[in-house]
file start33.tsv (TSV, C-alpha atoms and all ligand atoms)
chain	number	residue	atom	x	y	z
A	1	MET	CA	90.97	63.97	64.52
A	2	PHE	CA	88.56	65.31	61.92
A	3	PRO	CA	85.79	64.29	61.30
A	4	GLN	CA	85.44	62.78	64.82
A	5	ARG	CA	86.22	66.08	66.51
A	6	ARG	CA	84.29	68.97	65.07
A	7	MET	CA	85.00	72.11	67.07
A	8	ARG	CA	82.11	73.91	65.42
A	9	ARG	CA	79.60	71.52	67.08
A	10	SER	CA	80.08	73.38	70.36
A	11	ARG	CA	79.73	76.74	68.70
A	12	SER	CA	76.18	76.24	67.49
A	13	ARG	CA	73.88	79.05	68.62
A	14	ASN	CA	72.12	77.16	71.39
A	15	ILE	CA	75.13	75.36	72.82
A	16	GLN	CA	77.65	78.18	72.75
A	17	PRO	CA	76.23	80.25	75.65
A	18	LEU	CA	76.34	77.22	77.95
A	19	LEU	CA	80.04	76.69	77.37
A	20	CYS	CA	81.14	80.28	77.81
A	21	GLU	CA	84.17	80.52	80.14
A	22	ILE	CA	84.32	84.23	80.91
A	23	THR	CA	81.36	86.55	81.37
A	24	LEU	CA	81.32	90.12	82.55
A	25	SER	CA	79.26	91.06	85.56
A	26	LYS	CA	78.35	94.41	87.08
A	27	ASN	CA	80.24	93.26	90.18
A	28	ASP	CA	83.46	93.49	88.17
A	29	LEU	CA	83.16	97.20	87.50
A	30	VAL	CA	84.65	100.25	89.19
A	31	ALA	CA	83.77	103.70	87.80
A	32	PRO	CA	86.42	106.43	88.12
A	33	LEU	CA	84.99	109.88	88.91
A	34	PHE	CA	86.64	113.30	88.75
A	35	VAL	CA	85.50	115.86	91.32
A	36	ASP	CA	86.56	119.46	90.82
A	37	GLU	CA	86.41	121.89	93.74
A	38	LYS	CA	86.42	124.91	91.41
A	39	ILE	CA	83.33	124.27	89.29
A	40	THR	CA	79.59	124.45	89.82
A	41	ALA	CA	78.40	122.51	86.75
A	42	PRO	CA	79.75	119.38	85.00
A	43	LEU	CA	82.69	120.18	82.73
A	44	PRO	CA	83.34	117.94	79.70
A	45	ILE	CA	86.87	116.53	79.48
A	46	GLU	CA	88.01	117.22	75.94
A	47	SER	CA	90.55	114.41	75.69
A	48	MET	CA	88.01	111.89	77.04
A	49	PRO	CA	84.75	112.31	75.10
A	50	GLY	CA	81.76	111.40	77.27
A	51	GLN	CA	83.64	111.98	80.57
A	52	PHE	CA	83.18	114.95	82.88
A	53	ARG	CA	84.62	116.69	85.88
A	54	TYR	CA	81.80	117.03	88.40
A	55	PRO	CA	81.29	119.69	91.05
A	56	ILE	CA	81.18	118.55	94.67
A	57	SER	CA	77.49	119.51	94.76
A	58	GLY	CA	76.70	117.15	91.86
A	59	ILE	CA	78.75	114.10	92.75
A	60	ALA	CA	76.12	112.31	94.84
A	61	THR	CA	73.66	112.42	91.93
A	62	VAL	CA	76.23	110.80	89.65
A	63	ALA	CA	76.81	108.06	92.22
A	64	VAL	CA	73.06	107.49	92.55
A	65	GLU	CA	72.76	107.08	88.77
A	66	LEU	CA	75.61	104.57	88.68
A	67	TRP	CA	74.13	102.68	91.63
A	68	LYS	CA	70.76	102.45	89.87
A	69	ARG	CA	72.51	100.88	86.88
A	70	GLY	CA	74.15	98.36	89.19
A	71	VAL	CA	77.67	99.77	89.48
A	72	ARG	CA	78.79	98.97	93.02
A	73	ALA	CA	82.09	100.83	93.31
A	74	VAL	CA	83.57	104.20	92.38
A	75	LEU	CA	87.14	105.50	92.43
A	76	ILE	CA	87.42	109.18	93.32
A	77	PHE	CA	89.98	111.63	91.92
A	78	GLY	CA	90.02	115.20	93.21
A	79	ILE	CA	90.96	118.47	91.55
A	80	PRO	CA	91.59	121.02	94.33
A	81	LYS	CA	91.40	124.78	94.06
A	82	ASP	CA	94.83	125.25	95.68
A	83	LYS	CA	98.12	123.58	94.85
A	84	ASP	CA	101.42	123.96	96.71
A	85	PRO	CA	104.77	122.11	96.88
A	86	ASP	CA	103.63	119.95	99.81
A	87	ALA	CA	100.10	119.01	98.66
A	88	CYS	CA	98.49	120.44	101.80
A	89	SER	CA	95.05	120.45	100.17
A	90	ALA	CA	95.23	116.67	99.73
A	91	TRP	CA	94.63	115.79	103.38
A	92	ARG	CA	92.34	118.55	104.66
A	93	ALA	CA	89.08	117.35	106.23
A	94	GLU	CA	87.33	119.85	103.93
A	95	GLY	CA	89.34	118.80	100.89
A	96	VAL	CA	87.61	117.98	97.63
A	97	VAL	CA	87.86	114.18	97.87
A	98	GLN	CA	86.92	114.19	101.54
A	99	GLN	CA	83.77	116.20	100.84
A	100	ALA	CA	82.88	114.05	97.84
A	101	VAL	CA	83.27	110.81	99.81
A	102	ARG	CA	81.02	112.08	102.61
A	103	ARG	CA	78.33	113.10	100.12
A	104	ILE	CA	78.38	109.82	98.24
A	105	LYS	CA	78.33	107.79	101.44
A	106	ALA	CA	75.43	109.84	102.79
A	107	GLU	CA	73.40	109.38	99.62
A	108	VAL	CA	74.27	105.82	98.53
A	109	LYS	CA	75.09	103.74	101.60
A	110	GLY	CA	76.04	100.56	99.77
A	111	MET	CA	78.37	102.14	97.24
A	112	VAL	CA	81.96	101.03	97.78
A	113	VAL	CA	83.98	104.22	97.73
A	114	ILE	CA	87.62	103.92	96.72
A	115	THR	CA	89.94	106.93	96.82
A	116	ASP	CA	93.11	107.53	94.84
A	117	VAL	CA	95.87	108.32	97.33
A	118	CYS	CA	98.44	110.43	95.53
A	119	ALA	CA	99.70	113.99	95.49
A	120	CYS	CA	100.08	114.84	91.81
A	121	GLU	CA	96.74	116.66	91.59
A	122	TYR	CA	97.67	118.71	94.67
A	123	THR	CA	101.31	119.67	94.13
A	124	ASP	CA	102.23	122.73	92.08
A	125	HIS	CA	105.12	120.79	90.47
A	126	GLY	CA	102.74	117.94	89.58
A	127	HIS	CA	104.82	115.09	91.01
A	128	CYS	CA	103.30	112.40	93.18
A	129	GLY	CA	104.75	113.53	96.52
A	130	ILE	CA	107.43	115.73	98.08
A	131	VAL	CA	110.17	116.84	95.71
A	132	GLY	CA	113.75	117.73	96.60
A	133	ASP	CA	117.35	117.54	95.44
A	134	THR	CA	118.92	114.15	94.92
A	135	ARG	CA	122.27	113.04	93.51
A	136	SER	CA	120.76	113.08	90.05
A	137	GLY	CA	118.92	116.39	90.36
A	138	PRO	CA	115.44	117.30	91.59
A	139	ASP	CA	113.22	114.23	92.06
A	140	LEU	CA	110.45	112.69	94.11
A	141	LEU	CA	111.73	112.02	97.65
A	142	ASN	CA	110.61	108.64	98.92
A	143	ASP	CA	110.51	108.62	102.71
A	144	PRO	CA	109.31	112.20	103.27
A	145	SER	CA	106.47	111.48	100.83
A	146	LEU	CA	105.34	108.44	102.85
A	147	GLU	CA	104.26	110.71	105.73
A	148	LEU	CA	102.15	112.68	103.26
A	149	MET	CA	100.49	109.49	101.93
A	150	ASN	CA	99.69	108.38	105.50
A	151	ALA	CA	97.98	111.71	106.15
A	152	ILE	CA	95.99	111.55	102.89
A	153	ALA	CA	94.90	107.95	103.51
A	154	ILE	CA	93.77	108.69	107.07
A	155	SER	CA	91.79	111.75	105.97
A	156	HIS	CA	90.04	109.65	103.31
A	157	ALA	CA	89.26	106.93	105.84
A	158	GLU	CA	87.90	109.54	108.27
A	159	SER	CA	85.57	110.75	105.52
A	160	GLY	CA	84.20	107.25	105.04
A	161	ALA	CA	86.27	105.70	102.24
A	162	ASP	CA	86.00	101.91	102.20
A	163	ILE	CA	89.21	101.35	100.25
A	164	VAL	CA	92.24	103.59	99.82
A	165	ALA	CA	94.29	103.17	96.67
A	166	PRO	CA	97.85	104.52	96.84
A	167	SER	CA	99.04	105.27	93.30
A	168	CYS	CA	102.35	107.04	93.97
A	169	MET	CA	104.64	104.00	93.45
A	170	LEU	CA	106.74	104.93	96.50
A	171	ASP	CA	108.75	102.18	98.12
A	172	GLY	CA	107.10	101.09	101.34
A	173	MET	CA	103.81	102.93	100.69
A	174	VAL	CA	101.56	100.00	101.52
A	175	GLY	CA	103.29	99.06	104.78
A	176	SER	CA	103.42	102.69	105.83
A	177	ILE	CA	99.73	103.34	105.12
A	178	ARG	CA	98.65	100.05	106.72
A	179	THR	CA	100.46	100.92	109.95
A	180	ALA	CA	99.06	104.46	109.96
A	181	LEU	CA	95.49	103.31	109.29
A	182	ASP	CA	95.65	100.66	112.00
A	183	LYS	CA	97.07	103.13	114.51
A	184	ALA	CA	94.20	105.52	113.74
A	185	GLY	CA	91.62	102.76	114.26
A	186	PHE	CA	90.88	102.00	110.61
A	187	GLU	CA	91.73	98.29	110.60
A	188	ASP	CA	88.68	97.68	108.40
A	189	VAL	CA	89.70	100.00	105.58
A	190	LEU	CA	91.19	98.05	102.68
A	191	ILE	CA	94.27	98.98	100.70
A	192	MET	CA	94.04	98.50	96.95
A	193	SER	CA	97.60	99.15	95.87
A	194	TYR	CA	98.52	100.43	92.45
A	195	SER	CA	101.19	97.80	92.91
A	196	THR	CA	102.33	97.33	89.32
A	197	LYS	CA	102.03	100.70	87.63
A	198	PHE	CA	103.93	101.42	84.46
A	199	ALA	CA	105.20	104.82	83.31
A	200	SER	CA	102.75	104.94	80.42
A	201	ALA	CA	101.95	107.30	77.59
A	202	LEU	CA	98.36	106.11	78.03
A	203	TYR	CA	97.90	108.41	81.06
A	204	GLY	CA	97.98	111.44	78.76
A	205	PRO	CA	94.25	112.18	78.71
A	206	PHE	CA	94.03	111.70	82.49
A	207	ARG	CA	96.51	114.47	83.07
A	208	GLU	CA	94.18	116.88	81.32
A	209	ALA	CA	91.20	115.39	83.14
A	210	ALA	CA	92.78	115.68	86.58
A	211	ASP	CA	95.11	118.61	85.91
A	212	SER	CA	98.02	116.51	87.18
A	213	GLY	CA	100.75	117.02	84.59
A	214	PHE	CA	104.28	117.66	85.89
A	215	THR	CA	106.34	120.81	85.39
A	216	PHE	CA	109.76	119.07	85.12
A	217	GLY	CA	111.10	115.57	84.47
A	218	ASP	CA	108.68	112.66	84.20
A	219	ARG	CA	107.48	109.75	86.34
A	220	SER	CA	110.09	107.24	85.17
A	221	THR	CA	112.02	107.37	88.45
A	222	TYR	CA	109.03	105.94	90.31
A	223	GLN	CA	106.81	104.18	87.79
A	224	LEU	CA	107.85	100.97	85.97
A	225	SER	CA	109.51	100.74	82.61
A	226	CYS	CA	107.30	98.87	80.14
A	227	GLY	CA	109.78	96.16	79.19
A	228	ASN	CA	110.57	94.99	82.74
A	229	SER	CA	108.32	92.10	83.68
A	230	ARG	CA	110.34	90.56	86.54
A	231	GLU	CA	110.51	93.94	88.25
A	232	ALA	CA	106.77	94.38	87.63
A	233	ILE	CA	105.92	91.13	89.40
A	234	LEU	CA	108.29	91.87	92.28
A	235	GLU	CA	106.54	95.22	92.85
A	236	SER	CA	103.19	93.48	93.31
A	237	GLN	CA	104.75	90.73	95.44
A	238	MET	CA	106.30	93.32	97.76
A	239	ASP	CA	103.00	95.16	98.16
A	240	ALA	CA	101.30	91.85	98.92
A	241	ASP	CA	103.93	91.21	101.60
A	242	GLU	CA	103.37	94.68	103.07
A	243	GLY	CA	99.70	93.92	103.56
A	244	ALA	CA	97.85	95.06	100.43
A	245	ASP	CA	94.35	93.60	100.21
A	246	ILE	CA	94.01	94.05	96.44
A	247	LEU	CA	96.77	94.34	93.86
A	248	MET	CA	96.51	96.33	90.65
A	249	VAL	CA	98.01	96.30	87.21
A	250	LYS	CA	97.89	99.53	85.26
A	251	PRO	CA	97.43	100.11	82.33
A	252	ALA	CA	95.45	96.96	81.53
A	253	GLY	CA	95.21	96.17	77.82
A	254	PHE	CA	98.90	96.45	76.88
A	255	TYR	CA	99.92	94.51	80.00
A	256	LEU	CA	97.77	91.37	80.01
A	257	ASP	CA	100.84	89.13	80.36
A	258	ILE	CA	101.78	90.96	83.55
A	259	LEU	CA	98.20	90.80	84.78
A	260	SER	CA	98.01	87.04	84.35
A	261	GLU	CA	101.21	86.62	86.33
A	262	VAL	CA	100.18	89.00	89.13
A	263	ALA	CA	96.96	86.98	89.38
A	264	THR	CA	99.00	83.97	90.52
A	265	LEU	CA	100.27	85.77	93.64
A	266	GLY	CA	97.15	84.85	95.60
A	267	LEU	CA	95.46	88.21	96.20
A	268	PRO	CA	92.51	89.67	94.30
A	269	VAL	CA	93.65	91.71	91.33
A	270	ALA	CA	92.24	94.88	89.82
A	271	ALA	CA	93.11	96.10	86.34
A	272	PHE	CA	92.90	99.78	85.42
A	273	GLN	CA	91.78	100.39	81.85
A	274	VAL	CA	93.28	103.87	81.77
A	275	SER	CA	92.35	107.13	80.11
A	276	GLY	CA	94.38	106.48	76.95
A	277	GLU	CA	92.77	103.07	76.48
A	278	TYR	CA	89.38	104.74	76.84
A	279	SER	CA	90.15	107.58	74.45
A	280	MET	CA	91.65	105.31	71.78
A	281	ILE	CA	88.43	103.30	71.63
A	282	LYS	CA	86.25	106.41	71.84
A	283	GLY	CA	88.22	108.27	69.19
A	284	ALA	CA	88.10	105.44	66.68
A	285	ALA	CA	84.43	104.73	67.41
A	286	GLU	CA	83.48	108.39	66.97
A	287	ARG	CA	85.00	108.27	63.50
A	288	GLY	CA	83.07	105.14	62.68
A	289	TRP	CA	86.22	103.04	62.36
A	290	ILE	CA	85.29	100.50	65.03
A	291	LYS	CA	82.11	99.60	66.88
A	292	GLU	CA	82.28	101.00	70.39
A	293	LYS	CA	80.20	98.50	72.33
A	294	GLU	CA	81.74	95.40	70.75
A	295	THR	CA	85.26	96.75	71.20
A	296	VAL	CA	84.72	97.73	74.81
A	297	LEU	CA	83.19	94.39	75.77
A	298	GLU	CA	86.01	92.52	74.03
A	299	SER	CA	88.62	94.60	75.83
A	300	LEU	CA	87.01	93.97	79.23
A	301	ILE	CA	86.47	90.25	78.71
A	302	SER	CA	90.12	89.98	77.71
A	303	ILE	CA	91.16	91.75	80.90
A	304	LYS	CA	89.03	89.37	82.94
A	305	ARG	CA	90.34	86.34	81.04
A	306	ALA	CA	93.87	87.41	81.95
A	307	GLY	CA	92.92	87.17	85.63
A	308	ALA	CA	91.39	90.39	86.98
A	309	GLU	CA	88.50	90.24	89.44
A	310	LEU	CA	87.94	93.97	89.23
A	311	ILE	CA	88.13	96.31	86.26
A	312	ILE	CA	88.42	100.04	86.74
A	313	THR	CA	87.05	101.50	83.52
A	314	TYR	CA	85.60	104.80	82.34
A	315	PHE	CA	83.10	102.67	80.42
A	316	ALA	CA	81.64	101.24	83.66
A	317	GLY	CA	78.31	103.08	83.45
A	318	ASP	CA	77.83	102.22	79.78
A	319	VAL	CA	78.77	98.60	80.32
A	320	ALA	CA	76.28	98.21	83.15
A	321	GLY	CA	73.60	99.45	80.76
A	322	TRP	CA	74.72	97.08	78.00
A	323	LEU	CA	74.67	94.10	80.37
A	324	ASP	CA	70.98	94.84	81.04
A	325	GLU	CA	70.24	94.92	77.29
A	326	LYS	CA	71.80	91.51	76.77
A	327	GLN	CA	69.58	89.65	79.27
B	401	LIG	C1	97.92	109.46	89.89
B	401	LIG	C2	97.20	108.65	88.89
B	401	LIG	C3	97.36	108.63	87.50
B	401	LIG	C4	96.38	107.77	87.01
B	401	LIG	C5	95.70	107.26	88.11
B	401	LIG	N1	96.24	107.79	89.26
B	401	LIG	C6	98.23	109.40	86.59
B	401	LIG	C7	99.69	109.29	86.65
B	401	LIG	O1	100.28	108.42	87.29
B	401	LIG	O2	100.29	110.18	86.03
B	401	LIG	C8	96.12	107.48	85.57
B	401	LIG	C9	94.74	107.07	85.25
B	401	LIG	C10	94.36	107.14	83.82
B	401	LIG	O3	95.16	107.45	82.91
B	401	LIG	O4	93.18	106.86	83.56
B	401	LIG	N2	99.21	109.09	90.16
B	402	ZN	ZN	100.34	110.72	91.27

call {"tool": "encode", "arguments": {"input": "start33.tsv", "output": "structure tokens", "more": "lines below"}}
Ligand code: PBG
Ligand code: ZN
result
Amino acid sequence: MFPQRRMRRSRSRNIQPLLCEITLSKNDLVAPLFVDEKITAPLPIESMPGQFRYPISGIATVAVELWKRGVRAVLIFGIPKDKDPDACSAWRAEGVVQQAVRRIKAEVKGMVVITDVCACEYTDHGHCGIVGDTRSGPDLLNDPSLELMNAIAISHAESGADIVAPSCMLDGMVGSIRTALDKAGFEDVLIMSYSTKFASALYGPFREAADSGFTFGDRSTYQLSCGNSREAILESQMDADEGADILMVKPAGFYLDILSEVATLGLPVAAFQVSGEYSMIKGAAERGWIKEKETVLESLISIKRAGAELIITYFAGDVAGWLDEKQ
């Protein structure tokens, strides 16, 4: 075709911005926040430079700051003072997440508050629900754990959460929570399902951040194995069929092929750029090996290009600031 077709014509400085397919917007961003019931001042998370656990008393201020920058949604993780085998502290009206949600909602009306519905921060064994004996030894029990998830989701909705996000990878979790929410009068609360969640080494830093590591086994009997793409799509399809409003792929960057396929199912899709993805970029940038801002923006645009409407990222606050600089 050359010289009739010159691809570089369209890349000239003035033309290029007009032809741009994918742009990031503040509306794409969800900021994860860690709230710790045991502290009274922000506590830096060592494995995630620049991230903190916040005390309940300080969480509204953090939300206000994010809101001022234009971040419209937060995802709340709680670190309770008490853990037990049944995660009782996960569904108390005075639990850490419940208190945090009420404070954020009182201070920043428009902020969309999403809550992580899982038990691993609240169980002493660190698994994502009720544990018991199975044919292959001690493991997460599916159906008994569903009751627990229903109770957690309802308590979050009662506190004012707009969206509940079950992350336990139990079979039937979305249908169970949907029925429970509707019965309790919360037809308007959305479910963002961690529908396609892989058993990933990239959650390592999170487990320090949220104190949610397990004392035996691992999560491979409930989370997906990284090589299984048909199973990964079926998981999201089943959650769609059970009534999920938003699907999720997690982690994001290593799983863009899965993300682009989940995006064809017809529901909005969120991608979770997880703690390990954050810390890899941060760690290399701190050493001067890569440029942080350029790398982060490239990673997020790639996630959006693959098909995500929403990106949950620990860089959300920074990105909102950078988007202002660019205009
Ligand atoms: C809880 C949960 C996890 C993450 C989000 N919700 C950890 C896990 O499954 O072990 C990981 C988030 C991250 O790494 O940033 N089930
Ligand atoms: Zn969990």

call {"tool": "residues_near_ligand", "arguments": {"input": "start33.tsv", "ligand": "ligand LIG 401 (chain B)", "cutoff": "10 Å", "atoms": "all atoms listed in the file", "output": "VMD selection string"}}
result
chain A and resid 32 48 75 to 77 115 to 121 126 to 129 165 to 169 194 197 to 214 218 to 219 222 to 223 250 to 251 272 to 279 312 to 314

call {"tool": "write_last_selection", "arguments": {"input": "start33.tsv", "atoms": "C-alpha atoms", "output": "CSV table (one decimal), keeping the file's coordinate frame"}}
result
chain,number,residue,atom,x,y,z
A,32,PRO,CA,86.4,106.4,88.1
A,48,MET,CA,88.0,111.9,77.0
A,75,LEU,CA,87.1,105.5,92.4
A,76,ILE,CA,87.4,109.2,93.3
A,77,PHE,CA,90.0,111.6,91.9
A,115,THR,CA,89.9,106.9,96.8
A,116,ASP,CA,93.1,107.5,94.8
A,117,VAL,CA,95.9,108.3,97.3
A,118,CYS,CA,98.4,110.4,95.5
A,119,ALA,CA,99.7,114.0,95.5
A,120,CYS,CA,100.1,114.8,91.8
A,121,GLU,CA,96.7,116.7,91.6
A,126,GLY,CA,102.7,117.9,89.6
A,127,HIS,CA,104.8,115.1,91.0
A,128,CYS,CA,103.3,112.4,93.2
A,129,GLY,CA,104.8,113.5,96.5
A,165,ALA,CA,94.3,103.2,96.7
A,166,PRO,CA,97.8,104.5,96.8
A,167,SER,CA,99.0,105.3,93.3
A,168,CYS,CA,102.4,107.0,94.0
A,169,MET,CA,104.6,104.0,93.4
A,194,TYR,CA,98.5,100.4,92.4
A,197,LYS,CA,102.0,100.7,87.6
A,198,PHE,CA,103.9,101.4,84.5
A,199,ALA,CA,105.2,104.8,83.3
A,200,SER,CA,102.8,104.9,80.4
A,201,ALA,CA,102.0,107.3,77.6
A,202,LEU,CA,98.4,106.1,78.0
A,203,TYR,CA,97.9,108.4,81.1
A,204,GLY,CA,98.0,111.4,78.8
A,205,PRO,CA,94.2,112.2,78.7
A,206,PHE,CA,94.0,111.7,82.5
A,207,ARG,CA,96.5,114.5,83.1
A,208,GLU,CA,94.2,116.9,81.3
A,209,ALA,CA,91.2,115.4,83.1
A,210,ALA,CA,92.8,115.7,86.6
A,211,ASP,CA,95.1,118.6,85.9
A,212,SER,CA,98.0,116.5,87.2
A,213,GLY,CA,100.8,117.0,84.6
A,214,PHE,CA,104.3,117.7,85.9
A,218,ASP,CA,108.7,112.7,84.2
A,219,ARG,CA,107.5,109.8,86.3
A,222,TYR,CA,109.0,105.9,90.3
A,223,GLN,CA,106.8,104.2,87.8
A,250,LYS,CA,97.9,99.5,85.3
A,251,PRO,CA,97.4,100.1,82.3
A,272,PHE,CA,92.9,99.8,85.4
A,273,GLN,CA,91.8,100.4,81.8
A,274,VAL,CA,93.3,103.9,81.8
A,275,SER,CA,92.4,107.1,80.1
A,276,GLY,CA,94.4,106.5,77.0
A,277,GLU,CA,92.8,103.1,76.5
A,278,TYR,CA,89.4,104.7,76.8
A,279,SER,CA,90.2,107.6,74.4
A,312,ILE,CA,88.4,100.0,86.7
A,313,THR,CA,87.0,101.5,83.5
A,314,TYR,CA,85.6,104.8,82.3

call {"tool": "closest_residue", "arguments": {"input": "start33.tsv", "among": "A:Leu323, A:Val101, A:Ile233, A:Ala87", "to": "ligand ZN 402 (chain B)", "atoms": "all atoms listed in the file"}}
result
A:Ala87

call {"tool": "axis_aligned_box", "arguments": {"input": "start33.tsv", "around": "region 136-143 of chain A", "padding_each_side": "8 Å", "output": "lines of an AutoDock Vina configuration file"}}
result
center_x = 115.6
center_y = 113.0
center_z = 96.4
size_x = 26.3
size_y = 24.7
size_z = 28.7

call {"tool": "residues_near_point", "arguments": {"input": "start33.tsv", "point": "(105.7, 124.5, 85.2)", "cutoff": "8 Å", "atoms": "only C-alpha atoms", "output": "JSON, numbers by chain"}}
result
{"A": [124, 125, 214, 215, 216]}

call {"tool": "write_last_selection", "arguments": {"input": "start33.tsv", "atoms": "C-alpha atoms", "output": "PDB file, in the coordinates of the input"}}
result
ATOM      1  CA  ASP A 124     102.230 122.730  92.080  1.00  0.00           C
ATOM      2  CA  HIS A 125     105.120 120.790  90.470  1.00  0.00           C
ATOM      3  CA  PHE A 214     104.280 117.660  85.890  1.00  0.00           C
ATOM      4  CA  THR A 215     106.340 120.810  85.390  1.00  0.00           C
ATOM      5  CA  PHE A 216     109.760 119.070  85.120  1.00  0.00           C
TER       6      PHE A 216
END

call {"tool": "residues_near_point", "arguments": {"input": "start33.tsv", "point": "(90.5, 90.7, 86.4)", "cutoff": "9 Å", "atoms": "all atoms listed in the file", "output": "mmCIF file with C-alpha atoms, keeping the file's coordinate frame"}}
result
data_model
loop_
_atom_site.group_PDB
_atom_site.id
_atom_site.type_symbol
_atom_site.label_atom_id
_atom_site.label_comp_id
_atom_site.auth_asym_id
_atom_site.auth_seq_id
_atom_site.Cartn_x
_atom_site.Cartn_y
_atom_site.Cartn_z
ATOM 1 C CA ASP A 28 83.460 93.490 88.170
ATOM 2 C CA LEU A 259 98.200 90.800 84.780
ATOM 3 C CA SER A 260 98.010 87.040 84.350
ATOM 4 C CA ALA A 263 96.960 86.980 89.380
ATOM 5 C CA PRO A 268 92.510 89.670 94.300
ATOM 6 C CA VAL A 269 93.650 91.710 91.330
ATOM 7 C CA ALA A 270 92.240 94.880 89.820
ATOM 8 C CA ALA A 271 93.110 96.100 86.340
ATOM 9 C CA LEU A 300 87.010 93.970 79.230
ATOM 10 C CA ILE A 301 86.470 90.250 78.710
ATOM 11 C CA SER A 302 90.120 89.980 77.710
ATOM 12 C CA ILE A 303 91.160 91.750 80.900
ATOM 13 C CA LYS A 304 89.030 89.370 82.940
ATOM 14 C CA ARG A 305 90.340 86.340 81.040
ATOM 15 C CA ALA A 306 93.870 87.410 81.950
ATOM 16 C CA GLY A 307 92.920 87.170 85.630
ATOM 17 C CA ALA A 308 91.390 90.390 86.980
ATOM 18 C CA GLU A 309 88.500 90.240 89.440
ATOM 19 C CA LEU A 310 87.940 93.970 89.230
ATOM 20 C CA ILE A 311 88.130 96.310 86.260
#

call {"tool": "closest_atom_pairs", "arguments": {"input": "start33.tsv", "of": "region 100-176 of chain A", "to": "region 53-66 of chain A", "cutoff": "8 Å", "atoms": "only C-alpha atoms", "output": "CSV"}}
result
residue,atom,partner,partner_atom,distance
A:Ala100,CA,A:Ile56,CA,5.8
A:Arg103,CA,A:Ala60,CA,5.8
A:Ile104,CA,A:Ala60,CA,4.8
A:Glu107,CA,A:Ala60,CA,6.2
A:Val108,CA,A:Val64,CA,6.3
A:Met111,CA,A:Ala63,CA,7.9

call {"tool": "closest_residue", "arguments": {"input": "start33.tsv", "among": "A:Ser12, A:Trp91, A:Trp322, A:Ile45", "to": "Arg69 (chain A)", "atoms": "all atoms listed in the file"}}
result
A:Trp322

call {"tool": "atom_distance", "arguments": {"input": "start33.tsv", "atom1": "CA of Pro144 (chain A)", "atom2": "CA of Glu158 (chain A)"}}
result
22.1 Å

call {"tool": "residues_around", "arguments": {"input": "start33.tsv", "residues": "Glu242 (chain A)", "least_positions_apart": "4", "cutoff": "8 Å", "atoms": "all atoms listed in the file", "output": "ChimeraX atom specification"}}
result
/A:172,174-175,238

call {"tool": "write_last_selection", "arguments": {"input": "start33.tsv", "atoms": "C-alpha atoms", "output": "mmCIF file, keeping the file's coordinate frame"}}
result
data_model
loop_
_atom_site.group_PDB
_atom_site.id
_atom_site.type_symbol
_atom_site.label_atom_id
_atom_site.label_comp_id
_atom_site.auth_asym_id
_atom_site.auth_seq_id
_atom_site.Cartn_x
_atom_site.Cartn_y
_atom_site.Cartn_z
ATOM 1 C CA GLY A 172 107.100 101.090 101.340
ATOM 2 C CA VAL A 174 101.560 100.000 101.520
ATOM 3 C CA GLY A 175 103.290 99.060 104.780
ATOM 4 C CA MET A 238 106.300 93.320 97.760
#

call {"tool": "atom_distance", "arguments": {"input": "start33.tsv", "atom1": "CA of Leu33 (chain A)", "atom2": "CA of Gly283 (chain A)"}}
result
20.0 Å

call {"tool": "atom_distance", "arguments": {"input": "start33.tsv", "atom1": "CA of Val35 (chain A)", "atom2": "CA of Asp318 (chain A)"}}
result
19.4 Å

call {"tool": "closest_residue", "arguments": {"input": "start33.tsv", "among": "A:Gln4, A:Thr40, A:Ser155, A:Ser145", "to": "ligand ZN 402 (chain B)", "atoms": "only C-alpha atoms and all ligand atoms"}}
result
A:Ser145

call {"tool": "closest_residue", "arguments": {"input": "start33.tsv", "among": "A:Met149, A:Ala93, A:Leu181, A:Met192", "to": "ligand ZN 402 (chain B)", "atoms": "only C-alpha atoms and all ligand atoms"}}
result
A:Met149

call {"tool": "residues_around", "arguments": {"input": "start33.tsv", "residues": "Asp139 (chain A)", "least_positions_apart": "4", "cutoff": "9 Å", "atoms": "all atoms listed in the file", "output": "ChimeraX atom specification"}}
result
/A:127,130-134,217,221

call {"tool": "closest_residue", "arguments": {"input": "start33.tsv", "among": "A:Thr196, A:Ser229, A:Thr123, A:Gln237", "to": "ligand ZN 402 (chain B)", "atoms": "only C-alpha atoms and all ligand atoms"}}
result
A:Thr123

call {"tool": "closest_residue", "arguments": {"input": "start33.tsv", "among": "A:Ile39, A:Ser176, A:Gly70, A:Ser159", "to": "Glu94 (chain A)", "atoms": "all atoms listed in the file"}}
result
A:Ser159

call {"tool": "residues_around", "arguments": {"input": "start33.tsv", "residues": "Asp162 (chain A)", "least_positions_apart": "3", "cutoff": "10 Å", "atoms": "all atoms listed in the file", "output": "PDB file with C-alpha atoms, in the frame of the given file"}}
result
ATOM      1  CA  ALA A  73      82.090 100.830  93.310  1.00  0.00           C
ATOM      2  CA  VAL A 101      83.270 110.810  99.810  1.00  0.00           C
ATOM      3  CA  LYS A 105      78.330 107.790 101.440  1.00  0.00           C
ATOM      4  CA  MET A 111      78.370 102.140  97.240  1.00  0.00           C
ATOM      5  CA  VAL A 112      81.960 101.030  97.780  1.00  0.00           C
ATOM      6  CA  VAL A 113      83.980 104.220  97.730  1.00  0.00           C
ATOM      7  CA  ILE A 114      87.620 103.920  96.720  1.00  0.00           C
ATOM      8  CA  THR A 115      89.940 106.930  96.820  1.00  0.00           C
ATOM      9  CA  HIS A 156      90.040 109.650 103.310  1.00  0.00           C
ATOM     10  CA  ALA A 157      89.260 106.930 105.840  1.00  0.00           C
ATOM     11  CA  GLU A 158      87.900 109.540 108.270  1.00  0.00           C
ATOM     12  CA  SER A 159      85.570 110.750 105.520  1.00  0.00           C
ATOM     13  CA  PHE A 186      90.880 102.000 110.610  1.00  0.00           C
ATOM     14  CA  ASP A 188      88.680  97.680 108.400  1.00  0.00           C
ATOM     15  CA  VAL A 189      89.700 100.000 105.580  1.00  0.00           C
ATOM     16  CA  LEU A 190      91.190  98.050 102.680  1.00  0.00           C
ATOM     17  CA  ILE A 191      94.270  98.980 100.700  1.00  0.00           C
TER      18      ILE A 191
END
